[in-house]
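This report concerns only the one structure given below.
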There are 2 protein chains.
Amino acid sequence: MNRDDALALDGADVLAPLRDRFQLPDGLIYFDGNSLGALPIGVAERVADVVTQQWGHDLISSWNVNGWMAAPRRVGDKIAPIIGAGPGEVIVGDSTSVNIYKLLSAAVAMRPDRKVIVTEQNNFPSDSYVIASVAKQHGMEVHYLDLDDPTTPLDTNVAIVCLTHINYRTGAMHDLASITARVHAVGALMFWDLAHSAGAVPLALSDCDVDMAVGCGYKFLNGGPGAPAFAYVAKRLQNDVHHPITGWLGHAAPFDMSDQFIPALGIDRITVGTPSIVSLVALEAALDAFDGVDMADVRAKSLALGDYLIELVMHRCDGYGLSLASPIDSQRRGSQVSFVHEHGFPVVRALADVGVLGDYREPGIIRFGLTPLYARFCDVYDAVDRLSEILRTERWREPQYAVRGAVT
Amino acid sequence: MNRDDALALDGADVLAPLRDRFQLPDGLIYFDGNSLGALPIGVAERVADVVTQQWGHDLISSWNVNGWMAAPRRVGDKIAPIIGAGPGEVIVGDSTSVNIYKLLSAAVAMRPDRKVIVTEQNNFPSDSYVIASVAKQHGMEVHYLDLDDPTTPLDTNVAIVCLTHINYRTGAMHDLASITARVHAVGALMFWDLAHSAGAVPLALSDCDVDMAVGCGYKFLNGGPGAPAFAYVAKRLQNDVHHPITGWLGHAAPFDMSDQFIPALGIDRITVGTPSIVSLVALEAALDAFDGVDMADVRAKSLALGDYLIELVMHRCDGYGLSLASPIDSQRRGSQVSFVHEHGFPVVRALADVGVLGDYREPGIIRFGLTPLYARFCDVYDAVDRLSEILRTERWREPQYAVRGAVT
């Protein structure tokens, strides 16, 4: 287990050439693509064009001649194959949190006689908060169940089950196919938050008959800070979806400017206001990094990177108070490996100081996001090398590493 | 009334130097800043920096070191003086339509015993649709009243009055101060949609004691296509505002990642998800165009431009089927002049073909947005010159001008 082994693994990596599709700072080991994906090559040029030429020169005509009107749908169709959805099943716009609200509100109205929303403990805060808010608005109860346990019962009082496919703290991944099937068996709708899944692991939303999903544009899809989110609704359900944020661009004929809201047919009804074009174009250009990429290869490399990281940490950081917070079974992990350490925050800060960017989440969680499109095995080797040194020397105890600042 | 008069007016215009703050295509007369403001100088450079340096190089640390976390509040504070609000009363994020939903939902919950939302006929579609949706969710009625008539009664069953300050079709402007006072006299809340007002006319939200407002980043604030919108809530009300889209960044301590939603104190609770940084920075840079600008000067020039346009049209387009759709009384107009023509759509298209960009709204409305920061009196002269020629020759009857395309 020396650095030459890591270099040999990189040499055999079929995805290695994809690293050239990203602009990465020299010398930085970036393991935070689960929070903010790195900048793909070509995005800056596309953004400059949309600002200077399309906005600055073509002005209002760009809604037609430069395809701005069609952008939410077009970028959605570009995400669709990455998540195993069909054309016209994905639309881009608003934030993940706003999309959760829209889809959940619509879902509970599709099961009006059922009074329970099922979710999980330790969901991402926006999911937990919005689920509670929608439940309160509709006089429903929220039940927190462990659906990884196949014996956990569901009943016909459940309107919708809302889970995050890959947990943001631990990287633990649910079995999407089997849980979706169990939810459907009681006539409930299945909603997946794919924030940490899209672009990181293979997904088959259509094949698994998933009803609704949302996901994030700025993590493994690399769309830039606060990139617009996506919403997926299965074709068969789209015209039954009625969400309460009835903005003009969700109308069947927005430019008729009629007084009555008539929702657009299909996925377009999920759109609310005028789309944020500059951010949409950045995301669209970023998705070119997935051109010709087989998500099965992404998954294989992701698991290899994760297994290698865990193995190295077990060997080189033993006795320093780290414990694995992610599943040891790689099949149950997303593209992230997390550890718990009593002093996780200063450890993450000290690591950043030696050029290894992971991040920290309460309580005590050190996260390493492994983006197979640009992460290398030698990066994993070097990161653990520096981590072990920081832990061995207790360098993280230096006072500057205790200073808190927001990181997202 | 010849072109030399127009040039003399431009020579005496104290705001004339502001035109150099914008990148405008050579030879184009752009009267559509009420739909998409022109590109301010400096925006492209700031956007390039946020993409290449802040995202590409500084990556996740930008949330702290480049001030991304504070951007929604910081850009709000930059808009505040333009609309007569105080620091901490304005926050930027989401679309106008989403913000209408958030604030209206919160408002009706603040008057739980009242069962009426008052609005107006011919409001912008998103406003009408979202008002209807919120009313339905809360079991309320929507009453359509003409509050420009000072004898229109209001009663104590009214929870909130929601009006658009300047009508998007006609440019007609409500008397914000007197209507707000009448609404408060019956104990209701006053909500203004300032989409066509912010940056176009002087506003005094604090002095007029306005409760809530929203506005658009991409019209007279020139923030770029689909720029994030702003939301205003009076300081005195902020901690009573509870909207249902409870995303993690509206939490008092988002990075505690707690299970219970505790709203942030103040305006920050309006934020939902991770802000769209590239778009926010574009808007922030665009607002530099207002540095040192007195909104009273903006208003004076706006009215002079509008009066001049109306006068020229009356003289030069008489008998061609145009009628004024905007108030003739300039004090009741925003920064837009609209005309009705039976064939308004092809007339607008034919005008665009000779380098005059206005726009069209059903039914039959030709809109000319007059942005005092870059519109000139000679532009008005030349636009009417070309308009009269198109009407006189009936050039708009050429078949290519009948082809419809979306314009927003």
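By convention in this document, the chains of the structure tokens carry letters A, B, ... by their order, each chain's residues are numbered from 1, and ligands are numbered from 1 in the order they are shown.
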
Please identify every residue of chain B that has at least one atom no farther than 7 Å from an atom of chain A, counting only C-alpha atoms, and for each give the shortest atom pair and the distance in Å to one decimal, arranged by chain then increasing number, as a tab-separated table.
residue	atom	partner	partner_atom	distance
B:Gln23	CA	A:Gly56	CA	6.3
B:Leu24	CA	A:Gly56	CA	6.8
B:Pro25	CA	A:His57	CA	5.5
B:Leu36	CA	A:Ile60	CA	6.1
B:Ala38	CA	A:Gly56	CA	6.4
B:Leu39	CA	A:Gly56	CA	5.0
B:Ala44	CA	A:Val51	CA	6.2
B:Ala48	CA	A:Ala44	CA	6.6
B:Val51	CA	A:Ala44	CA	6.2
B:Thr52	CA	A:Ala44	CA	6.5
B:Trp55	CA	A:Leu39	CA	6.6
B:Gly56	CA	A:Leu39	CA	5.0
B:His57	CA	A:Pro25	CA	5.5
B:Ile60	CA	A:Leu36	CA	6.1
B:Trp63	CA	A:Val407	CA	6.2
B:Asn64	CA	A:Ala406	CA	6.4
B:Asp94	CA	A:Asp94	CA	6.6
B:Ser95	CA	A:Gly273	CA	5.6
B:Thr96	CA	A:Gly273	CA	6.7
B:Ser97	CA	A:Gly273	CA	5.4
B:Val98	CA	A:Ile245	CA	6.6
B:Tyr101	CA	A:Ile245	CA	6.3
B:Pro125	CA	A:Trp248	CA	5.6
B:Ser126	CA	A:Gly247	CA	4.5
B:Ser128	CA	A:Asp259	CA	6.7
B:Tyr129	CA	A:Thr246	CA	5.6
B:Val130	CA	A:Thr246	CA	5.3
B:Ser133	CA	A:Pro244	CA	5.8
B:Gly224	CA	A:Trp55	CA	7.0
B:Pro225	CA	A:Ile277	CA	5.6
B:Gly226	CA	A:Ser276	CA	3.9
B:Ala227	CA	A:Ser276	CA	5.7
B:Pro244	CA	A:Ser133	CA	5.8
B:Ile245	CA	A:Val130	CA	6.2
B:Thr246	CA	A:Val130	CA	5.3
B:Gly247	CA	A:Ser126	CA	4.5
B:Trp248	CA	A:Ser126	CA	4.6
B:Asp256	CA	A:Glu362	CA	6.3
B:Met257	CA	A:Pro125	CA	5.9
B:Ser258	CA	A:Pro125	CA	6.8
B:Asp259	CA	A:Pro125	CA	6.3
B:Gln260	CA	A:Tyr129	CA	6.9
B:Phe261	CA	A:Tyr129	CA	5.7
B:Val272	CA	A:Ser97	CA	6.5
B:Gly273	CA	A:Ser97	CA	5.4
B:Thr274	CA	A:Gly226	CA	5.3
B:Pro275	CA	A:Gly226	CA	5.0
B:Ser276	CA	A:Gly226	CA	3.9
B:Ile277	CA	A:Pro225	CA	5.6
B:Val278	CA	A:Ser279	CA	6.3
B:Ser279	CA	A:Ser279	CA	6.2
B:Glu362	CA	A:Asp256	CA	6.3
B:Gly405	CA	A:Asn64	CA	6.7
B:Ala406	CA	A:Asn64	CA	6.4
B:Val407	CA	A:Trp63	CA	6.3

Could you list, as a list in words, every residue within 7 Å of Pro372 of chain B, counting only C-alpha atoms and ignoring same-chain residues fewer than 4 positions away? Val298, Lys301 and Ser302 of chain B

Excluding Gly171 of chain A and its own-chain neighbours fewer than 4 positions away, which residues fall within 9 Å of it when counting only C-alpha atoms? Please give them as a compact mmCIF listing (two decimals) with N, CA and C atoms, in the first residue's frame.
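Writing done, so here's around.txt:
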# COMPACT_ATOMS: atom_id res chain seq x y z
N ILE A 166 -29.39 9.09 -0.94
CA ILE A 166 -28.07 8.97 -0.31
C ILE A 166 -27.99 10.01 0.79
N ASN A 167 -27.72 9.54 2.00
CA ASN A 167 -27.70 10.44 3.16
C ASN A 167 -26.54 11.42 3.08
N HIS A 196 -27.68 13.90 -3.57
CA HIS A 196 -26.33 13.32 -3.53
C HIS A 196 -26.19 12.12 -4.47
N ALA A 325 -18.23 6.38 9.44
CA ALA A 325 -19.65 6.73 9.57
C ALA A 325 -20.45 6.23 8.38
N SER A 326 -19.77 5.81 7.33
CA SER A 326 -20.43 5.30 6.13
C SER A 326 -20.55 3.78 6.21
N PRO A 327 -21.45 3.21 5.43
CA PRO A 327 -21.53 1.74 5.40
C PRO A 327 -20.21 1.14 4.90
N ARG A 332 -23.88 -0.30 -0.40
CA ARG A 332 -24.84 0.54 0.33
C ARG A 332 -24.33 1.98 0.50
N ARG A 333 -23.24 2.31 -0.19
CA ARG A 333 -22.67 3.65 -0.11
C ARG A 333 -22.89 4.42 -1.41
N GLY A 334 -23.06 5.71 -1.28
CA GLY A 334 -23.02 6.59 -2.45
C GLY A 334 -21.57 6.89 -2.79
N SER A 335 -21.32 8.08 -3.32
CA SER A 335 -19.96 8.40 -3.76
C SER A 335 -19.27 9.29 -2.73
N GLN A 336 -19.41 8.90 -1.49
CA GLN A 336 -18.91 9.71 -0.38
C GLN A 336 -18.52 8.77 0.75
N VAL A 337 -17.43 9.09 1.45
CA VAL A 337 -17.04 8.33 2.63
C VAL A 337 -16.92 9.30 3.80
N SER A 338 -17.57 8.96 4.90
CA SER A 338 -17.57 9.84 6.07
C SER A 338 -16.98 9.12 7.27
N ARG A 367 -16.51 14.62 5.99
CA ARG A 367 -17.00 14.06 4.72
C ARG A 367 -15.94 14.16 3.63
N GLY A 369 -16.13 13.68 -0.31
CA GLY A 369 -16.90 13.41 -1.53
C GLY A 369 -15.94 12.98 -2.63

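By only C-alpha atoms, and with residues fewer than 6 positions from Arg19 of chain A along its chain excluded, the set lying at most 9 Å from it is Pro372, Leu373, Tyr374, Ala375 and Arg376 of chain A.
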
Using the chain letters and numbers from this document, which residues of segment 160-391 of chain B does DSSP assign to helix (DSSP H, G or I), as number ranges by chain? B: 176-185, 235-240, 248-250, 254-256, 266-270, 277-290, 295-316, 330-332, 344-353, 377-391

Pick out the residues sitting within 10 Å of Pro202 of chain B, and hand them over as a list in words; count only C-alpha atoms, and ignore anything fewer than 2 positions along from it in its own chain.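 Contacts, in chain order: Pro81, Ile82, Ile83, Gly84, Ser197, Ala198, Gly199, Ala200, Ala204, Leu205, Asp294, Met295, Ala296, Asp297, Val298 and Arg299 of chain B.
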
Point out the residue among B:Phe377, B:Tyr144, B:Tyr308, B:Trp192 with the least atom-to-atom distance to Asp13 of chain B, counting only C-alpha atoms.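 Residue with the minimum atom-to-atom distance to Asp13 of chain B: B:Phe377.
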
Surrounding residues of Asp268 of chain A excluding itself and chain neighbours under 5 positions, 10 Å, only C-alpha atoms, as a list in words: Ala70, Pro72, Arg73, Gly88, Glu89, Val90, Ile91, Val92, Gln238, Leu249, Gly250, His251, Ala252 and Pro263 of chain A

Given the selection you just returned, output its residues as a file containing C-alpha atoms, formatted as a PDB file, in the first residue's frame.
ATOM      1  CA  ALA A  70     -36.969  26.188 -23.802  1.00  0.00           C
ATOM      2  CA  PRO A  72     -35.757  24.530 -18.329  1.00  0.00           C
ATOM      3  CA  ARG A  73     -37.043  21.655 -20.437  1.00  0.00           C
ATOM      4  CA  GLY A  88     -40.052  15.315 -20.946  1.00  0.00           C
ATOM      5  CA  GLU A  89     -39.848  13.841 -17.452  1.00  0.00           C
ATOM      6  CA  VAL A  90     -37.333  16.283 -15.954  1.00  0.00           C
ATOM      7  CA  ILE A  91     -37.456  20.074 -15.690  1.00  0.00           C
ATOM      8  CA  VAL A  92     -34.869  22.438 -14.247  1.00  0.00           C
ATOM      9  CA  GLN A 238     -47.741  14.570 -14.813  1.00  0.00           C
ATOM     10  CA  LEU A 249     -44.805  30.026 -16.677  1.00  0.00           C
ATOM     11  CA  GLY A 250     -46.571  26.893 -15.426  1.00  0.00           C
ATOM     12  CA  HIS A 251     -49.618  27.958 -17.433  1.00  0.00           C
ATOM     13  CA  ALA A 252     -50.712  26.099 -20.561  1.00  0.00           C
ATOM     14  CA  PRO A 263     -51.699  24.215 -15.938  1.00  0.00           C
TER      15      PRO A 263
END

Can you list, as a count of residues only, every protein, DNA or RNA residue that comes within 10 Å of segment 159-165 of chain B when you count only C-alpha atoms, leaving out same-chain residues fewer than 5 positions away? 59

Mind giving me the straight-line distance from atom CA of Gly319 of chain B to atom CA of His341 of chain B in Å, one decimal?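 About the pair atom CA of Gly319 of chain B and atom CA of His341 of chain B: they are 11.4 Å apart.
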
What separates atom CA of Asn66 of chain A and atom CA of Ile366 of chain B is a distance of 23.1 Å

Write out as a ChimeraX atom specification the set of residues from segment 137-264 of chain B that DSSP, computed on the backbone, places in strand (DSSP E or B). /B:141-144,158-164,166,172-173,189-193,212-215,230-233,251,263

Taking C-alpha atoms for each residue, export the selection above as a short mmCIF file (atom, residue, chain, number, x, y, z; two decimals), in the first residue's frame.
data_model
loop_
_atom_site.label_atom_id
_atom_site.label_comp_id
_atom_site.auth_asym_id
_atom_site.auth_seq_id
_atom_site.Cartn_x
_atom_site.Cartn_y
_atom_site.Cartn_z
CA GLU B 141 -62.45 34.53 -0.84
CA VAL B 142 -60.79 36.77 -3.40
CA HIS B 143 -62.45 40.15 -4.00
CA TYR B 144 -61.54 42.22 -7.04
CA VAL B 158 -60.00 41.83 4.62
CA ALA B 159 -56.78 40.07 5.64
CA ILE B 160 -54.52 41.48 2.96
CA VAL B 161 -54.66 43.69 -0.10
CA CYS B 162 -52.34 42.63 -2.95
CA LEU B 163 -51.83 45.03 -5.78
CA THR B 164 -49.27 45.52 -8.50
CA ILE B 166 -47.55 49.62 -11.92
CA ALA B 172 -50.92 52.77 -14.87
CA MET B 173 -49.63 53.41 -11.36
CA LEU B 189 -51.90 44.08 5.57
CA MET B 190 -50.68 45.78 2.39
CA PHE B 191 -48.66 43.82 -0.17
CA TRP B 192 -47.22 45.52 -3.26
CA ASP B 193 -45.79 43.84 -6.32
CA MET B 212 -44.69 43.44 2.36
CA ALA B 213 -43.50 43.73 -1.19
CA VAL B 214 -41.79 41.77 -3.92
CA GLY B 215 -40.04 42.90 -7.06
CA PHE B 230 -36.41 40.50 -4.04
CA ALA B 231 -38.74 40.31 -1.07
CA TYR B 232 -39.34 43.13 1.39
CA VAL B 233 -40.91 42.75 4.82
CA HIS B 251 -33.35 28.38 9.66
CA PRO B 263 -36.93 30.38 11.61
#

Kindly indicate which residue among B:Leu103, B:Met314, B:Leu324, B:Ala177 lies nearest to Val241 of chain B, using only C-alpha atoms for the distances.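 Comparing B:Leu103, B:Met314, B:Leu324, B:Ala177 against Val241 of chain B, the winner is B:Leu103.
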
What gap, in Å, lies between atom CA of Gly217 of chain B and atom CA of Pro346 of chain B? 28.9 Å

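Nearest-residue note for Arg269 of chain A: choosing from A:Leu221, A:Ala106, A:Cys317, A:Gly42, the minimum distance belongs to A:Ala106, counting only C-alpha atoms.
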